[in-house]
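This report refers to the structure that appears directly beneath it.
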Amino acid sequence: MKIAEVIVDVSAYPVDRPFDYLIPDEMEELIECGCRVKVPFGARNILGFVVGIKNDTDVPPDKLKPVSSLLDIEPVLTKEMMELAKWMKNETISYEIDCLQVMIPSALRAKYEKMVVLETDAENLEEPLRTVFRRTTKANYKELEKQNLLIPLKKALKEKWVSIETVVKQKGTIKEIRKVKISEDKDFLQKVYENLSNRAKKQKQLLLWMQQHAGEIIEPEVIYRKTDSSPQVLQAVIGHGAAEFVMEEVYRNPFKKDVGKTDFFTLTEEQEKALQPIVDAMDNHSPETFLLHGVTGSGKTEVYLQAIQHCIQQGKEAIVLVPEISLTPQMTNRFRSRFGELVAVMHSGLSIGEKFDEWRKVHHRKVKVVVGARSAVFAPFENVGLIIIDEEHETSYKQEDSPRYHARDVAIWRSKYHRCPVILGSATPSLESYARARKNVYKLLTLKERALKQSLPSVEIVDMRKELKKGNRTMFSEKLAEAIRGRLEKNEQIVLFLNRRGYSSFVLCRDCGTVMQCENCDISLTYHRYNEKLKCHYCGYEQPVPAICPLCGSDHIRYFGTGTQKVEEELTKLFPGARVLRMDVDTTKRKGAHERILEDFGAGKADILLGTQMIAKGLDFPNITLVGVLSADTSLHLPDFRAAERTFQLLTQVSGRAGRAEKPGEVIIQTYSPEHYAIQFAKAQQYEPFYEREMLMRHEADYPPYYYIALVQVSHEDLLVSAEYAKKCADYLRSRLSFNASIIGPTTAGIVRLQNRYRYQCLIKYKIEPNLIPTFLQLMKIYRTDWMKKGITLTIDLNPTMI
DNA sequence: GTTCACTCTCAG
DNA sequence: TGAGAGTGAACG
């Protein structure tokens with residue numbers, strides 16, 4: 001008797017453990033750990049992952065059910081992934097099934113469909129169902145619902161004429177194309193040739209060619225082209241048995257264009273010095289973590305590329321993580337031009353099918369390198385030799401919802417499993433990582449010079465308070481306007497960066513001061529010009545712009561704030577001839593829009609690129625000589641202890657966009673707080689002094705990297721209930737954690753009301769707290785068994801990126 | 001997360 | 001008494 005241990009596809013606390021199923025004899029030879037199976041669970045048939053196979057079970061035989069079917073001939077999860085999931089589940093306080101699900105492409109995740117199954121003769125049914133079931137014995141429940149057939153359906157159910165069944169659907173489709181397989185038998189081909197009448201000239205011609213290519217499998221289009229024949233001719237020849245159609249699996253190719261091949265650059269002395277320890281670590285199979293700190297333009301990517309080259313030469317595989325927004329064709333082409341077909345690319349811009357294909361390339365070892373966003377850290381290689389995380393400080397490496405994993409932590413776990421090094425690269429490392437490097441937990445590698453020896457761009461700060469005093473009410477200081485004008489004359493390109501976070505256009509009544517707010521959240525609505533609507537960026541609520549103030553009835557409604565649209569308007573007013581490209585959420589919604597804008601800009605089709613966060617990274621165009629930051633302050637005053645760090649990182653990244661080739665670059669930063677250290681050090685482009693200064697702040701307030709933090713958040717429709725349970729959390733944590741841990745709160749969350757739920761939170765600061773994870777698991781248990789039914793939601797976020 | 005079974009309530 | 005709504009336990 002063979003028993004499979006199965007993790008079922010149900011995210012709930014009481015079923016977050018393996019269930020035993022009997023393996024039917026016919027599956028015994030096929031089933032393996034890591035395969036997906038369909039299993040009966042309660043009244044339903046659902047998907048599950050086999051995580052173990054054993055010979056006996058404690059489950060009484062009358063309760064044991066058999067696996068209903070096997071979905072994979074080869075496992076979709078490696079043994080490593082199953083171990084990793086067990087670790088992740090504790091590390092992130094989440095369900096094992098959710099951890100397993102993030103590791104596979106969404107095409108392989110189950111989709112369930114409710115079907116109505118006919119249980120009697122269709123003629124016994126009443127109209128209108130009779131008509132439906134004359135055609136089929138299984139009907140889609142949703143379809144019937146759409147046709148308003150729920151009332152007759154209910155009756156039929158009661159009479160047991162039909163039953164309801166959930167079926168597991170698979171989304172992933174393997175794309176196949178039709179090819180032609182030419183017969184291997186040359187004599188036979190000759191015979192067919194001779195039997196043809198002389199009138200069949202084209203067929204004869206085709207057969208002659210086929211004799212040269214006996215046994216080959218060729219795309220029909222190629223045959224038509226080479227032999228000047230047509231589908232009809234080919235069809236006729238196939239009719240004579242000289243060839244046959246075969247279906248062949250193909251991988252969709254999401255890359256539109258082919259890229260040329262590029263060679264390796266000779267490394268600078270500095271780059272060489274950085275590469276050597278990484279190569280050594282690979283040779284010694286040492287799971288070290290390196291922090292590669294290199295100024296913008298110092299050629300970190302070239303170091304990565306050569307490290308990967310070494311990795312491939314060792315016969316191993318490499319994983320490269322890049323933030324989603326910098327996964328542009330420009331970026332991925334650097335890898336493809338170096339390693340060609342050996343690269344798979346994974347990012348959110350691909351369709352489900354394309355993602356599935358890229359994943360299969362990895363799964364079937366067709367590639368040696370994966371370049372991708374966060375989830376690519378789970379690439380199912382079995383012989384990993386190197387993991388690289390570029391722009392290590394980026395917050396997008398942390399998943400915002402459960403399982404709340406950090407790609408860096410997963411990478412380090414995997415590096416220990418495979419005994420291979422990890423490279424964390426950044427021009428502005430996170431304080432956590434830099435502190436670890438200082439303590440020799442990570443090995444620090446530094447690149448101080450720009451690779452082409454260009455000087456760093458000159459950075460200037462403009463005090464906007466003085467501009468206002470001078471009577472300049474536009475959002476462009478004289479200095480910046482002057483600089484823009486200069487570039488336009490010289491035909492050089494300009495990037496304008498608008499740090500829009502928490503500072504988008506809102507609508508205000510000038511008489512009573514009311515700001516239009518979201519009905520569900522404590523957030524002011526954002527004005528969208530293109531459809532004249534007010535929108536909540538948190539819950540998606542939308543309403544038209546009111547003509548009169550809903551509070552006082554005044555018609556003095558005004559738009560405030562600085563959205564990219566508004567800047568664009570002013571720009572065109574100020575510089576009538578300038579060609580402006582705007583890049584923000586609105587203009588990049590459509591698939592491929594992002595790439596197109598960058599391509600256009602790169603091709604010189606515009607003078608000014610105006611955008612938000614998303615233009616801070618990866619832009620590498622030689623003709624950009626001016627970068628303007630319209631307002632540096634907005635991210636500075638966010639209620640988050642990392643606000644200064646974020647601002648510094650952002651300004652440094654943006655500045656790095658200027659003067660990447662021969663022409664020197666200039667950066668102008670406009671701010672209302674020119675004296676702030678984050679801005680001053682960004683101007684000086686000095687990471688170290690900023691680090692020292694910021695560390696002082698963190699030390700004083702007991703924040704990371706000195707302490708770890710965890711955030712427990714409670715929400716409920718009722719403010720008081722929410723507060724009450726947040727207090728319960730705090731009390732519970734205080735009773736179980738040591739005196740070294742401090743529990744702050746409960747306090748209200750940054751945005752108290754979100755989607756009509758009131759939110760409270762507790763912040764836990766700790767250093768070494770062996771009891772922390774067990775305490776959280778216990779708290780989660782109390783919540784899941786007791787509080788959940790009262791409508792409370794509780795989330796625990798370890799090492800949150802924002803508080 | 002769903003489902004089924006059990007309890008409770010209310011109308012007939 | 002039976003149907004409909006509301007909770008709770010169990011899922012192998």
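Letters for chains follow the order of the structure tokens (A, B, ...), residue numbers begin at 1 for each chain, and ligand numbers begin at 1 in the order shown.
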Find the spatial neighbours of Ile223 (chain A), counting only C-alpha atoms (C1' of nucleotides), within a cut-off of 12 Å - ignore same-chain residues fewer than 3 positions away - and output them as a PDB file with C-alpha atoms, in the first residue's frame.
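Result file follows (result.pdb):
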```pdb
ATOM      1  CA  LYS A 179       5.260  20.566 -38.817  1.00  0.00           C
ATOM      2  CA  VAL A 180       5.887  18.182 -41.675  1.00  0.00           C
ATOM      3  CA  LYS A 181       7.818  14.998 -41.154  1.00  0.00           C
ATOM      4  CA  ILE A 182       9.282  13.693 -44.375  1.00  0.00           C
ATOM      5  CA  GLN A 205       9.666  19.033 -57.779  1.00  0.00           C
ATOM      6  CA  LEU A 206       8.667  18.829 -54.143  1.00  0.00           C
ATOM      7  CA  LEU A 207       9.433  15.125 -53.957  1.00  0.00           C
ATOM      8  CA  TRP A 209      13.585  18.123 -52.681  1.00  0.00           C
ATOM      9  CA  MET A 210      12.153  15.784 -50.071  1.00  0.00           C
ATOM     10  CA  HIS A 213      15.724  15.903 -46.739  1.00  0.00           C
ATOM     11  CA  GLU A 216      13.586  15.674 -41.385  1.00  0.00           C
ATOM     12  CA  ILE A 217      10.903  17.597 -39.518  1.00  0.00           C
ATOM     13  CA  ILE A 218      10.328  20.957 -41.152  1.00  0.00           C
ATOM     14  CA  GLU A 219       7.871  23.827 -40.826  1.00  0.00           C
ATOM     15  CA  PRO A 220       5.460  23.909 -43.790  1.00  0.00           C
ATOM     16  CA  LYS A 226      12.366  26.427 -50.543  1.00  0.00           C
ATOM     17  CA  THR A 227      10.484  24.451 -53.147  1.00  0.00           C
ATOM     18  CA  ASP A 228       8.208  27.130 -54.496  1.00  0.00           C
ATOM     19  CA  SER A 229       5.217  24.952 -53.689  1.00  0.00           C
ATOM     20  CA  SER A 230       1.919  25.585 -51.954  1.00  0.00           C
ATOM     21  CA  PRO A 231      -0.225  24.000 -49.226  1.00  0.00           C
ATOM     22  CA  VAL A 233       0.823  20.577 -53.413  1.00  0.00           C
ATOM     23  CA  LEU A 234       2.114  19.555 -50.020  1.00  0.00           C
ATOM     24  CA  GLN A 235      -1.279  18.147 -49.128  1.00  0.00           C
ATOM     25  CA  ALA A 243       5.308  12.799 -45.499  1.00  0.00           C
TER      26      ALA A 243
END
```
- Message: At a cut-off of 8 Å, using only C-alpha atoms (C1' of nucleotides), what residues contact Ala376 (chain A)? Leave out same-chain residues fewer than 2 positions from it and give the result as a VMD selection string.
- Response: chain A and resid 319 to 321 346 370 to 374 378 to 379
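Computed from the coordinates, the CA of Lys300 (chain A) to CA of Gly425 (chain A) distance equals 7.3 Å.
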- Based on DSSP run over this structure's backbone, return all residues of region 426-570 of chain A in alpha helix (DSSP H), as a ChimeraX atom specification. /A:431-438,464-469,478-490,564-570
- chain C residues within 8 Å of chain A, counting only C-alpha atoms (C1' of nucleotides): which ones, as a count of residues only? 3
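One finds CA of Lys533 (chain A) at 11.8 Å from CA of Tyr559 (chain A).
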Could you list, as a PDB file with N, CA, C and O atoms, in the first residue's frame, the residues of chain A having an atom within 7 Å of chain B when counting only C-alpha atoms (C1' of nucleotides)?
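Listed below is the output, iface-v7.pdb:
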```
ATOM      1  N   VAL A  10      -6.227  24.718  -0.101  1.00  0.00           N
ATOM      2  CA  VAL A  10      -7.188  25.439   0.726  1.00  0.00           C
ATOM      3  C   VAL A  10      -6.368  26.269   1.700  1.00  0.00           C
ATOM      4  O   VAL A  10      -5.619  25.718   2.488  1.00  0.00           O
ATOM      5  N   SER A  11      -6.483  27.604   1.611  1.00  0.00           N
ATOM      6  CA  SER A  11      -5.724  28.447   2.528  1.00  0.00           C
ATOM      7  C   SER A  11      -6.542  28.657   3.786  1.00  0.00           C
ATOM      8  O   SER A  11      -7.314  29.585   3.866  1.00  0.00           O
ATOM      9  N   ALA A  12      -6.391  27.780   4.740  1.00  0.00           N
ATOM     10  CA  ALA A  12      -7.099  27.938   5.998  1.00  0.00           C
ATOM     11  C   ALA A  12      -6.287  27.256   7.082  1.00  0.00           C
ATOM     12  O   ALA A  12      -5.593  26.269   6.819  1.00  0.00           O
ATOM     13  N   ALA A  43     -16.574  17.469   0.270  1.00  0.00           N
ATOM     14  CA  ALA A  43     -17.498  17.137  -0.801  1.00  0.00           C
ATOM     15  C   ALA A  43     -16.940  17.488  -2.173  1.00  0.00           C
ATOM     16  O   ALA A  43     -17.599  17.276  -3.170  1.00  0.00           O
TER      17      ALA A  43
END
```
- Per-residue DSSP, region 278-380 of chain A, filtered to strand (DSSP E or B), as a PyMOL selection string: chain A and resi 289-294+317-321+343-346+369-372
Can you spit out the residues from that selection as a PDB file, in the first residue's frame, using N, CA, C and O atoms?
```
ATOM      1  N   THR A 289      27.564  35.910   0.991  1.00  0.00           N
ATOM      2  CA  THR A 289      26.757  36.990   0.436  1.00  0.00           C
ATOM      3  C   THR A 289      27.652  38.211   0.246  1.00  0.00           C
ATOM      4  O   THR A 289      28.314  38.645   1.183  1.00  0.00           O
ATOM      5  N   PHE A 290      27.679  38.711  -0.978  1.00  0.00           N
ATOM      6  CA  PHE A 290      28.484  39.892  -1.275  1.00  0.00           C
ATOM      7  C   PHE A 290      27.576  41.099  -1.424  1.00  0.00           C
ATOM      8  O   PHE A 290      26.494  40.988  -2.001  1.00  0.00           O
ATOM      9  N   LEU A 291      28.022  42.223  -0.903  1.00  0.00           N
ATOM     10  CA  LEU A 291      27.312  43.466  -1.176  1.00  0.00           C
ATOM     11  C   LEU A 291      28.172  44.263  -2.141  1.00  0.00           C
ATOM     12  O   LEU A 291      29.268  44.702  -1.781  1.00  0.00           O
ATOM     13  N   LEU A 292      27.715  44.397  -3.356  1.00  0.00           N
ATOM     14  CA  LEU A 292      28.463  45.136  -4.364  1.00  0.00           C
ATOM     15  C   LEU A 292      27.950  46.567  -4.389  1.00  0.00           C
ATOM     16  O   LEU A 292      26.878  46.839  -4.908  1.00  0.00           O
ATOM     17  N   HIS A 293      28.717  47.439  -3.778  1.00  0.00           N
ATOM     18  CA  HIS A 293      28.331  48.840  -3.696  1.00  0.00           C
ATOM     19  C   HIS A 293      29.058  49.616  -4.783  1.00  0.00           C
ATOM     20  O   HIS A 293      30.259  49.853  -4.696  1.00  0.00           O
ATOM     21  N   GLY A 294      28.335  50.000  -5.824  1.00  0.00           N
ATOM     22  CA  GLY A 294      28.990  50.708  -6.914  1.00  0.00           C
ATOM     23  C   GLY A 294      28.194  51.928  -7.318  1.00  0.00           C
ATOM     24  O   GLY A 294      26.986  51.850  -7.457  1.00  0.00           O
ATOM     25  N   GLU A 317      23.900  27.078 -12.977  1.00  0.00           N
ATOM     26  CA  GLU A 317      22.891  28.018 -13.425  1.00  0.00           C
ATOM     27  C   GLU A 317      22.899  29.282 -12.570  1.00  0.00           C
ATOM     28  O   GLU A 317      23.319  29.251 -11.425  1.00  0.00           O
ATOM     29  N   ALA A 318      22.428  30.368 -13.165  1.00  0.00           N
ATOM     30  CA  ALA A 318      22.425  31.644 -12.446  1.00  0.00           C
ATOM     31  C   ALA A 318      21.040  32.273 -12.437  1.00  0.00           C
ATOM     32  O   ALA A 318      20.293  32.151 -13.392  1.00  0.00           O
ATOM     33  N   ILE A 319      20.717  32.928 -11.327  1.00  0.00           N
ATOM     34  CA  ILE A 319      19.449  33.637 -11.197  1.00  0.00           C
ATOM     35  C   ILE A 319      19.758  35.118 -11.003  1.00  0.00           C
ATOM     36  O   ILE A 319      20.582  35.467 -10.158  1.00  0.00           O
ATOM     37  N   VAL A 320      19.135  35.964 -11.790  1.00  0.00           N
ATOM     38  CA  VAL A 320      19.342  37.405 -11.677  1.00  0.00           C
ATOM     39  C   VAL A 320      18.012  38.079 -11.365  1.00  0.00           C
ATOM     40  O   VAL A 320      17.063  37.941 -12.129  1.00  0.00           O
ATOM     41  N   LEU A 321      17.935  38.764 -10.255  1.00  0.00           N
ATOM     42  CA  LEU A 321      16.718  39.485  -9.921  1.00  0.00           C
ATOM     43  C   LEU A 321      16.914  40.966 -10.178  1.00  0.00           C
ATOM     44  O   LEU A 321      17.951  41.535  -9.852  1.00  0.00           O
ATOM     45  N   VAL A 343      19.062  32.370 -21.972  1.00  0.00           N
ATOM     46  CA  VAL A 343      18.413  33.256 -21.009  1.00  0.00           C
ATOM     47  C   VAL A 343      16.895  33.129 -21.054  1.00  0.00           C
ATOM     48  O   VAL A 343      16.295  33.141 -22.131  1.00  0.00           O
ATOM     49  N   ALA A 344      16.292  33.020 -19.899  1.00  0.00           N
ATOM     50  CA  ALA A 344      14.831  33.124 -19.803  1.00  0.00           C
ATOM     51  C   ALA A 344      14.519  34.413 -19.052  1.00  0.00           C
ATOM     52  O   ALA A 344      15.266  34.796 -18.150  1.00  0.00           O
ATOM     53  N   VAL A 345      13.443  35.082 -19.449  1.00  0.00           N
ATOM     54  CA  VAL A 345      13.078  36.341 -18.804  1.00  0.00           C
ATOM     55  C   VAL A 345      11.687  36.215 -18.202  1.00  0.00           C
ATOM     56  O   VAL A 345      10.772  35.728 -18.859  1.00  0.00           O
ATOM     57  N   MET A 346      11.540  36.601 -16.956  1.00  0.00           N
ATOM     58  CA  MET A 346      10.223  36.498 -16.327  1.00  0.00           C
ATOM     59  C   MET A 346       9.818  37.841 -15.753  1.00  0.00           C
ATOM     60  O   MET A 346      10.491  38.370 -14.890  1.00  0.00           O
ATOM     61  N   VAL A 369      20.314  30.785 -17.475  1.00  0.00           N
ATOM     62  CA  VAL A 369      20.201  32.049 -16.764  1.00  0.00           C
ATOM     63  C   VAL A 369      18.744  32.505 -16.739  1.00  0.00           C
ATOM     64  O   VAL A 369      18.063  32.415 -17.754  1.00  0.00           O
ATOM     65  N   VAL A 370      18.293  32.948 -15.578  1.00  0.00           N
ATOM     66  CA  VAL A 370      16.970  33.548 -15.492  1.00  0.00           C
ATOM     67  C   VAL A 370      17.129  34.998 -15.081  1.00  0.00           C
ATOM     68  O   VAL A 370      17.860  35.294 -14.134  1.00  0.00           O
ATOM     69  N   VAL A 371      16.505  35.892 -15.811  1.00  0.00           N
ATOM     70  CA  VAL A 371      16.465  37.290 -15.416  1.00  0.00           C
ATOM     71  C   VAL A 371      15.012  37.600 -15.118  1.00  0.00           C
ATOM     72  O   VAL A 371      14.153  37.397 -15.975  1.00  0.00           O
ATOM     73  N   GLY A 372      14.722  38.056 -13.918  1.00  0.00           N
ATOM     74  CA  GLY A 372      13.321  38.287 -13.624  1.00  0.00           C
ATOM     75  C   GLY A 372      13.095  39.106 -12.380  1.00  0.00           C
ATOM     76  O   GLY A 372      14.040  39.453 -11.672  1.00  0.00           O
TER      77      GLY A 372
END
```
Within 7 Å of region 92-98 of chain A, counting only C-alpha atoms (C1' of nucleotides), which residues qualify if same-chain residues fewer than 3 places away don't, as a short mmCIF file (atom, residue, chain, number, x, y, z; two decimals) with N, CA, C and O atoms, in the first residue's frame?
```
data_model
loop_
_atom_site.label_atom_id
_atom_site.label_comp_id
_atom_site.auth_asym_id
_atom_site.auth_seq_id
_atom_site.Cartn_x
_atom_site.Cartn_y
_atom_site.Cartn_z
N ILE A 7 -0.55 18.33 0.34
CA ILE A 7 -0.95 19.65 0.83
C ILE A 7 -2.06 20.12 -0.10
O ILE A 7 -1.86 20.25 -1.30
N VAL A 8 -3.24 20.32 0.47
CA VAL A 8 -4.39 20.64 -0.38
C VAL A 8 -4.52 22.15 -0.62
O VAL A 8 -4.04 22.96 0.17
N ASP A 9 -5.17 22.49 -1.72
CA ASP A 9 -5.29 23.87 -2.15
C ASP A 9 -6.41 24.59 -1.41
O ASP A 9 -7.41 24.99 -1.98
N SER A 11 -6.48 27.60 1.61
CA SER A 11 -5.72 28.45 2.53
C SER A 11 -6.54 28.66 3.79
O SER A 11 -7.31 29.58 3.87
N ASP A 16 -3.84 23.38 7.21
CA ASP A 16 -2.48 23.74 6.81
C ASP A 16 -1.50 22.63 7.23
O ASP A 16 -0.59 22.84 8.01
N ALA A 85 9.45 25.85 1.18
CA ALA A 85 8.08 26.24 1.56
C ALA A 85 7.88 26.07 3.06
O ALA A 85 7.25 26.90 3.72
N LYS A 86 8.43 24.99 3.60
CA LYS A 86 8.26 24.74 5.05
C LYS A 86 8.96 25.82 5.86
O LYS A 86 8.47 26.26 6.89
N MET A 88 9.64 28.91 4.70
CA MET A 88 8.97 30.17 4.42
C MET A 88 7.69 30.35 5.21
O MET A 88 7.34 31.44 5.64
N LYS A 89 6.98 29.26 5.37
CA LYS A 89 5.69 29.31 6.05
C LYS A 89 5.85 29.85 7.47
O LYS A 89 5.05 30.64 7.93
N GLN A 101 2.34 27.76 -3.86
CA GLN A 101 1.72 28.37 -5.05
C GLN A 101 2.56 29.48 -5.65
O GLN A 101 2.55 29.66 -6.87
N VAL A 102 3.26 30.28 -4.82
CA VAL A 102 4.05 31.37 -5.41
C VAL A 102 5.26 30.85 -6.18
O VAL A 102 5.87 31.58 -6.93
N SER A 402 0.35 38.00 1.52
CA SER A 402 0.80 36.69 2.00
C SER A 402 1.08 35.74 0.84
O SER A 402 0.27 35.67 -0.08
N PRO A 403 2.16 35.02 0.82
CA PRO A 403 3.25 35.01 1.80
C PRO A 403 4.17 36.21 1.65
O PRO A 403 4.70 36.44 0.57
N ARG A 404 4.34 36.95 2.74
CA ARG A 404 5.14 38.18 2.70
C ARG A 404 6.64 37.87 2.76
O ARG A 404 7.30 38.18 3.75
N TYR A 405 7.14 37.32 1.71
CA TYR A 405 8.55 36.94 1.73
C TYR A 405 9.41 38.05 1.14
O TYR A 405 8.92 38.90 0.40
N LEU A 777 2.87 32.62 15.75
CA LEU A 777 2.08 31.49 15.27
C LEU A 777 0.89 31.26 16.19
O LEU A 777 -0.23 30.99 15.74
N LEU A 798 6.60 40.60 9.09
CA LEU A 798 7.95 40.65 9.66
C LEU A 798 8.83 41.47 8.74
O LEU A 798 8.80 41.27 7.52
#
```
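With only C-alpha atoms (C1' of nucleotides) taken into account, the protein and nucleic acid residues at most 7 Å from region 77-79 of chain A (excluding it and anything under 2 positions from it in its own chain) are Gly34, Cys35, Pro75, Met81, Met82, Glu83 and Pro380 of chain A.
The two atoms in question, CA of Ile744 (chain A) and CA of Leu696 (chain A), are spaced 20.7 Å apart.
Neighbours of Cys420 (chain A) closer than or equal to 8 Å, with only C-alpha atoms (C1' of nucleotides) counted and sequence neighbours fewer than 5 positions away skipped, come out as Ala281, Met282, His285, Ser286, Pro287, Glu288, Val384, Gly385, Leu386, Ile387 and Ser415 of chain A.
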